[in-house]
Amino acid sequence: YSEIGILPEQGNRGIYQMENLEPGSYRVRETKAPQGYHLSSPPWSREFELAANQEVTLTCENEKDYTIIQVIKKDADTEALLSGAEYGIYSDSACRNLLAKAGPTDTNGTALSGKLYQGLEKYYVKETKAPENHLRNEQVYEVIPKKNATVTVLVKNEPVKAKVKTSKLALHTTGVTLKDGRYEGTKIPGWYMFGKEFSYKIIVTNSGNVPAKNL
């Protein structure tokens with residue numbers, strides 16, 4: 001086929017028309033998508049036969065421009081990929097206007113948002129559910145979208161580290177104090193009557209990264 005011209009748009013209505021064509025074989029191909037949309041791959045095209053005094057109508061559909069956000073989840077200490085994390089994708093940095101969800105992450109530590117058609121300059125990603133045995137990452141991640149492409153966000157989580165220390169000091173022991181689970185000073189044992197009850201002072205120190213309850 002040889003090019004005979006470009007179909008002119010009729011009044012910004014999405015209608016393109018060419019008149020007074022000779023009967024014969026023709027092909028129409030889209031070369032530029034409307035603003036906010038993109039060409040299909042391969043670009044849309046149609047071939048048709050035109051008879052004398054015939055009118056032919058063709059329909060071309062375009063997909064809106066989009067962005068896909070991919071989250072990669074890793075352990076902050078070991079870099080191991082983590083499953084089970086879930087995310088919200090928002091239009092605002094305060095993470096109040098939810099646009100979409102991603103997750104849970106699979107065994108490869110990956111979660112995808114699906115196509116986002118809002119056309120925003122920025123998106124915001126926040127974790128809504130942590131992987132098992134890990135603390136939830138409270139950071140809000142700002143994402144600059146790429147047109148019709150996938151943007152990757154790496155998120156790391158601290159593993160739960162439950163750790164407590166205990167120390168005890170008999171009631172009549174003198175010369176020392178307990179600080180951060182350790183004795184300070186020189187311990188002088190006290191005297192106790194055989195068969196009599198006596199008390200201990202027990203101190204529990206939480207040195208992990210999660211609250212210690214019911215101790």
# chains A, B, ... in the order shown; residues from 1 in each chain; ligands from 1
$ select_by_dssp --residues "stretch 117-156 of chain A" --states "strand (DSSP E or B)" --output "list in words"
Tyr123, Tyr124, Val125, Lys126, Glu127, Thr128, Lys129, His134, Val140, Tyr141, Glu142, Val143, Ala149, Thr150, Val151, Thr152, Val153, Leu154, Val155 and Lys156 of chain A
$ write_last_selection --atoms "N, CA, C and O atoms" --output "short mmCIF file (atom, residue, chain, number, x, y, z; two decimals), in the first residue's frame"
data_model
loop_
_atom_site.label_atom_id
_atom_site.label_comp_id
_atom_site.auth_asym_id
_atom_site.auth_seq_id
_atom_site.Cartn_x
_atom_site.Cartn_y
_atom_site.Cartn_z
N TYR A 123 2.61 8.52 43.31
CA TYR A 123 1.81 7.58 44.09
C TYR A 123 2.55 7.31 45.40
O TYR A 123 3.77 7.53 45.50
N TYR A 124 1.81 6.83 46.40
CA TYR A 124 2.41 6.56 47.70
C TYR A 124 2.06 5.14 48.14
O TYR A 124 0.91 4.72 48.04
N VAL A 125 3.08 4.42 48.60
CA VAL A 125 2.93 3.02 48.98
C VAL A 125 3.22 2.87 50.47
O VAL A 125 4.23 3.38 50.97
N LYS A 126 2.32 2.18 51.18
CA LYS A 126 2.52 1.93 52.61
C LYS A 126 2.12 0.50 52.94
O LYS A 126 1.12 0.00 52.44
N GLU A 127 2.91 -0.11 53.79
CA GLU A 127 2.64 -1.49 54.19
C GLU A 127 1.45 -1.53 55.15
O GLU A 127 1.37 -0.75 56.10
N THR A 128 0.52 -2.44 54.89
CA THR A 128 -0.65 -2.60 55.75
C THR A 128 -0.60 -3.90 56.54
O THR A 128 -1.31 -4.03 57.55
N LYS A 129 0.20 -4.84 56.12
CA LYS A 129 0.35 -6.10 56.86
C LYS A 129 1.79 -6.58 56.68
O LYS A 129 2.29 -6.67 55.56
N HIS A 134 7.87 -10.63 61.48
CA HIS A 134 8.57 -9.38 61.15
C HIS A 134 7.74 -8.19 61.62
O HIS A 134 6.51 -8.27 61.72
N VAL A 140 6.42 5.51 54.46
CA VAL A 140 5.62 5.77 53.26
C VAL A 140 6.58 5.98 52.09
O VAL A 140 7.46 6.84 52.15
N TYR A 141 6.40 5.20 51.03
CA TYR A 141 7.30 5.25 49.89
C TYR A 141 6.66 6.06 48.76
O TYR A 141 5.56 5.77 48.31
N GLU A 142 7.36 7.08 48.31
CA GLU A 142 6.90 7.92 47.20
C GLU A 142 7.36 7.28 45.88
O GLU A 142 8.53 6.93 45.72
N VAL A 143 6.43 7.16 44.96
CA VAL A 143 6.72 6.51 43.69
C VAL A 143 6.44 7.49 42.55
O VAL A 143 5.34 8.04 42.45
N ALA A 149 4.60 1.42 32.10
CA ALA A 149 5.73 0.61 32.54
C ALA A 149 5.55 0.26 34.01
O ALA A 149 4.65 0.74 34.69
N THR A 150 6.45 -0.60 34.52
CA THR A 150 6.42 -1.04 35.91
C THR A 150 7.52 -0.36 36.70
O THR A 150 8.67 -0.32 36.26
N VAL A 151 7.16 0.19 37.86
CA VAL A 151 8.12 0.81 38.76
C VAL A 151 8.27 -0.09 39.99
O VAL A 151 7.27 -0.53 40.57
N THR A 152 9.51 -0.37 40.38
CA THR A 152 9.78 -1.29 41.49
C THR A 152 10.15 -0.54 42.75
O THR A 152 10.95 0.40 42.71
N VAL A 153 9.56 -0.97 43.88
CA VAL A 153 9.86 -0.40 45.19
C VAL A 153 10.40 -1.52 46.07
O VAL A 153 9.77 -2.57 46.20
N LEU A 154 11.57 -1.30 46.66
CA LEU A 154 12.17 -2.27 47.57
C LEU A 154 11.83 -1.89 49.01
O LEU A 154 12.10 -0.78 49.44
N VAL A 155 11.21 -2.82 49.74
CA VAL A 155 10.82 -2.58 51.13
C VAL A 155 11.44 -3.67 52.00
O VAL A 155 11.32 -4.86 51.70
N LYS A 156 12.10 -3.24 53.09
CA LYS A 156 12.73 -4.19 54.00
C LYS A 156 12.06 -4.14 55.37
O LYS A 156 11.60 -3.09 55.80
#
$ closest_atom_pairs --of "stretch 111-171 of chain A" --to "stretch 96-101 of chain A" --cutoff "9 Å" --atoms "only C-alpha atoms" --output "tab-separated table"
residue	atom	partner	partner_atom	distance
A:Leu112	CA	A:Lys101	CA	8.5
A:Ser113	CA	A:Lys101	CA	6.1
A:Gly114	CA	A:Ala100	CA	8.2
A:Leu116	CA	A:Ala100	CA	8.0
A:Gln118	CA	A:Leu99	CA	8.8
$ write_last_selection --atoms "N, CA and C atoms" --output "compact mmCIF listing (two decimals), in the first residue's frame"
# COMPACT_ATOMS: atom_id res chain seq x y z
N LEU A 112 2.24 -7.09 42.99
CA LEU A 112 1.96 -6.15 41.91
C LEU A 112 0.64 -5.43 42.17
N SER A 113 0.58 -4.17 41.75
CA SER A 113 -0.61 -3.35 41.97
C SER A 113 -1.69 -3.57 40.94
N GLY A 114 -1.35 -4.10 39.79
CA GLY A 114 -2.26 -4.01 38.65
C GLY A 114 -2.08 -2.65 37.99
N LEU A 116 -2.59 1.08 37.05
CA LEU A 116 -3.12 2.30 37.66
C LEU A 116 -3.31 3.33 36.55
N GLN A 118 -4.81 6.43 36.91
CA GLN A 118 -5.14 7.77 37.40
C GLN A 118 -4.30 8.88 36.76
$ residues_around --residues "A:Tyr1" --least-positions-apart "2" --cutoff "8 Å" --atoms "only C-alpha atoms" --output "VMD selection string"
chain A and resid 3 26 to 27
$ write_last_selection --atoms "all heavy atoms" --output "CSV table (one decimal), in the first residue's frame"
chain,number,residue,atom,x,y,z
A,3,GLU,N,0.9,5.4,0.8
A,3,GLU,CA,0.2,6.4,1.6
A,3,GLU,C,-0.5,7.4,0.7
A,3,GLU,O,0.1,8.0,-0.1
A,3,GLU,CB,1.1,7.1,2.6
A,3,GLU,CG,0.4,8.0,3.6
A,3,GLU,CD,1.3,8.6,4.6
A,3,GLU,OE1,2.1,7.8,5.2
A,3,GLU,OE2,1.2,9.8,4.9
A,26,TYR,N,-7.9,-0.8,0.6
A,26,TYR,CA,-7.3,0.2,1.4
A,26,TYR,C,-6.8,-0.4,2.8
A,26,TYR,O,-7.4,-1.4,3.2
A,26,TYR,CB,-8.2,1.4,1.7
A,26,TYR,CG,-8.5,2.2,0.5
A,26,TYR,CD1,-9.6,1.8,-0.4
A,26,TYR,CD2,-7.8,3.3,0.2
A,26,TYR,CE1,-9.9,2.6,-1.5
A,26,TYR,CE2,-8.1,4.1,-1.0
A,26,TYR,CZ,-9.1,3.7,-1.8
A,26,TYR,OH,-9.4,4.4,-2.9
A,27,ARG,N,-5.9,0.3,3.4
A,27,ARG,CA,-5.5,-0.1,4.8
A,27,ARG,C,-5.4,1.2,5.6
A,27,ARG,O,-4.8,2.2,5.2
A,27,ARG,CB,-4.2,-0.8,4.8
A,27,ARG,CG,-3.8,-1.2,6.3
A,27,ARG,CD,-2.5,-2.1,6.3
A,27,ARG,NE,-1.4,-1.3,5.8
A,27,ARG,CZ,-0.2,-1.9,5.6
A,27,ARG,NH1,0.0,-3.2,5.8
A,27,ARG,NH2,0.8,-1.2,5.2
$ residues_around --residues "A:Ala52" --least-positions-apart "4" --cutoff "10 Å" --atoms "only C-alpha atoms" --output "PyMOL selection string"
chain A and resi 20-24
$ write_last_selection --atoms "C-alpha atoms" --output "PDB file, in the first residue's frame"
ATOM      1  CA  ASN A  20     -14.172  10.884  -2.421  1.00  0.00           C
ATOM      2  CA  LEU A  21     -12.010   7.775  -2.398  1.00  0.00           C
ATOM      3  CA  GLU A  22     -11.807   5.628  -5.522  1.00  0.00           C
ATOM      4  CA  PRO A  23     -13.067   2.034  -5.279  1.00  0.00           C
ATOM      5  CA  GLY A  24     -10.267  -0.341  -4.356  1.00  0.00           C
TER       6      GLY A  24
END
$ residues_around --residues "stretch 79-84 of chain A" --least-positions-apart "4" --cutoff "10 Å" --atoms "only C-alpha atoms" --output "PyMOL selection string"
chain A and resi 72-75+103-111+129-132+134+156-157
$ write_last_selection --atoms "N, CA, C and O atoms" --output "PDB file, in the first residue's frame"
ATOM      1  N   ILE A  72       8.998  -5.290  46.114  1.00  0.00           N
ATOM      2  CA  ILE A  72       9.885  -6.401  46.463  1.00  0.00           C
ATOM      3  C   ILE A  72      10.127  -6.341  47.968  1.00  0.00           C
ATOM      4  O   ILE A  72      10.571  -5.324  48.492  1.00  0.00           O
ATOM      5  N   LYS A  73       9.834  -7.436  48.662  1.00  0.00           N
ATOM      6  CA  LYS A  73       9.921  -7.476  50.124  1.00  0.00           C
ATOM      7  C   LYS A  73      11.105  -8.348  50.556  1.00  0.00           C
ATOM      8  O   LYS A  73      11.238  -9.489  50.130  1.00  0.00           O
ATOM      9  N   LYS A  74      11.980  -7.766  51.431  1.00  0.00           N
ATOM     10  CA  LYS A  74      13.160  -8.492  51.906  1.00  0.00           C
ATOM     11  C   LYS A  74      13.311  -8.347  53.414  1.00  0.00           C
ATOM     12  O   LYS A  74      12.843  -7.372  54.010  1.00  0.00           O
ATOM     13  N   ASP A  75      13.985  -9.323  54.011  1.00  0.00           N
ATOM     14  CA  ASP A  75      14.380  -9.249  55.407  1.00  0.00           C
ATOM     15  C   ASP A  75      15.526  -8.250  55.532  1.00  0.00           C
ATOM     16  O   ASP A  75      16.493  -8.299  54.763  1.00  0.00           O
ATOM     17  N   GLY A 103      -0.546  -7.260  46.921  1.00  0.00           N
ATOM     18  CA  GLY A 103      -0.194  -8.324  47.841  1.00  0.00           C
ATOM     19  C   GLY A 103      -1.328  -9.281  48.081  1.00  0.00           C
ATOM     20  O   GLY A 103      -2.424  -9.113  47.553  1.00  0.00           O
ATOM     21  N   PRO A 104      -1.042 -10.294  48.898  1.00  0.00           N
ATOM     22  CA  PRO A 104       0.213 -10.483  49.640  1.00  0.00           C
ATOM     23  C   PRO A 104       1.373 -10.866  48.727  1.00  0.00           C
ATOM     24  O   PRO A 104       1.158 -11.406  47.647  1.00  0.00           O
ATOM     25  N   THR A 105       2.587 -10.542  49.176  1.00  0.00           N
ATOM     26  CA  THR A 105       3.777 -10.916  48.409  1.00  0.00           C
ATOM     27  C   THR A 105       3.859 -12.435  48.298  1.00  0.00           C
ATOM     28  O   THR A 105       3.481 -13.167  49.205  1.00  0.00           O
ATOM     29  N   ASP A 106       4.366 -12.908  47.165  1.00  0.00           N
ATOM     30  CA  ASP A 106       4.482 -14.343  46.919  1.00  0.00           C
ATOM     31  C   ASP A 106       5.802 -14.877  47.459  1.00  0.00           C
ATOM     32  O   ASP A 106       6.537 -14.172  48.161  1.00  0.00           O
ATOM     33  N   THR A 107       6.130 -16.115  47.123  1.00  0.00           N
ATOM     34  CA  THR A 107       7.352 -16.729  47.635  1.00  0.00           C
ATOM     35  C   THR A 107       8.611 -16.072  47.075  1.00  0.00           C
ATOM     36  O   THR A 107       9.700 -16.287  47.602  1.00  0.00           O
ATOM     37  N   ASN A 108       8.457 -15.282  46.017  1.00  0.00           N
ATOM     38  CA  ASN A 108       9.582 -14.508  45.479  1.00  0.00           C
ATOM     39  C   ASN A 108       9.632 -13.104  46.065  1.00  0.00           C
ATOM     40  O   ASN A 108      10.382 -12.252  45.588  1.00  0.00           O
ATOM     41  N   GLY A 109       8.801 -12.854  47.096  1.00  0.00           N
ATOM     42  CA  GLY A 109       8.790 -11.545  47.739  1.00  0.00           C
ATOM     43  C   GLY A 109       8.187 -10.442  46.896  1.00  0.00           C
ATOM     44  O   GLY A 109       8.444  -9.265  47.136  1.00  0.00           O
ATOM     45  N   THR A 110       7.340 -10.797  45.920  1.00  0.00           N
ATOM     46  CA  THR A 110       6.843  -9.829  44.949  1.00  0.00           C
ATOM     47  C   THR A 110       5.338  -9.641  45.065  1.00  0.00           C
ATOM     48  O   THR A 110       4.587 -10.598  45.236  1.00  0.00           O
ATOM     49  N   ALA A 111       4.906  -8.384  44.948  1.00  0.00           N
ATOM     50  CA  ALA A 111       3.485  -8.039  44.866  1.00  0.00           C
ATOM     51  C   ALA A 111       3.311  -6.978  43.789  1.00  0.00           C
ATOM     52  O   ALA A 111       4.132  -6.061  43.680  1.00  0.00           O
ATOM     53  N   LYS A 129       0.200  -4.842  56.121  1.00  0.00           N
ATOM     54  CA  LYS A 129       0.355  -6.098  56.856  1.00  0.00           C
ATOM     55  C   LYS A 129       1.787  -6.583  56.682  1.00  0.00           C
ATOM     56  O   LYS A 129       2.288  -6.674  55.561  1.00  0.00           O
ATOM     57  N   ALA A 130       2.443  -6.898  57.794  1.00  0.00           N
ATOM     58  CA  ALA A 130       3.838  -7.338  57.765  1.00  0.00           C
ATOM     59  C   ALA A 130       3.920  -8.845  57.497  1.00  0.00           C
ATOM     60  O   ALA A 130       2.976  -9.588  57.795  1.00  0.00           O
ATOM     61  N   PRO A 131       5.049  -9.309  56.973  1.00  0.00           N
ATOM     62  CA  PRO A 131       5.246 -10.756  56.854  1.00  0.00           C
ATOM     63  C   PRO A 131       5.305 -11.391  58.243  1.00  0.00           C
ATOM     64  O   PRO A 131       5.578 -10.708  59.242  1.00  0.00           O
ATOM     65  N   GLU A 132       5.076 -12.668  58.296  1.00  0.00           N
ATOM     66  CA  GLU A 132       5.107 -13.377  59.573  1.00  0.00           C
ATOM     67  C   GLU A 132       6.472 -13.224  60.243  1.00  0.00           C
ATOM     68  O   GLU A 132       7.513 -13.285  59.590  1.00  0.00           O
ATOM     69  N   HIS A 134       7.870 -10.627  61.477  1.00  0.00           N
ATOM     70  CA  HIS A 134       8.569  -9.382  61.149  1.00  0.00           C
ATOM     71  C   HIS A 134       7.739  -8.194  61.624  1.00  0.00           C
ATOM     72  O   HIS A 134       6.509  -8.269  61.720  1.00  0.00           O
ATOM     73  N   LYS A 156      12.101  -3.241  53.087  1.00  0.00           N
ATOM     74  CA  LYS A 156      12.727  -4.195  53.997  1.00  0.00           C
ATOM     75  C   LYS A 156      12.056  -4.142  55.367  1.00  0.00           C
ATOM     76  O   LYS A 156      11.602  -3.086  55.802  1.00  0.00           O
ATOM     77  N   ASN A 157      12.002  -5.295  56.032  1.00  0.00           N
ATOM     78  CA  ASN A 157      11.385  -5.397  57.349  1.00  0.00           C
ATOM     79  C   ASN A 157      12.352  -5.966  58.370  1.00  0.00           C
ATOM     80  O   ASN A 157      13.087  -6.917  58.069  1.00  0.00           O
TER      81      ASN A 157
END
$ residues_around --residues "A:Arg46" --least-positions-apart "6" --cutoff "10 Å" --atoms "only C-alpha atoms" --output "list in words"
Tyr26, Arg27, Val28, Arg29, Glu30, Leu58, Thr59 and Cys60 of chain A
$ residues_around --residues "A:Glu158" --least-positions-apart "5" --cutoff "8 Å" --atoms "only C-alpha atoms" --output "PyMOL selection string"
chain A and resi 75-77+134-137
$ closest_residue --among "A:Arg13, A:Lys161, A:Lys146, A:Lys32" --to "A:Gly119" --atoms "only C-alpha atoms"
A:Lys146
$ closest_residue --among "A:Lys64, A:Lys115, A:Gly14, A:Glu49" --to "A:Ile89" --atoms "only C-alpha atoms"
A:Lys115
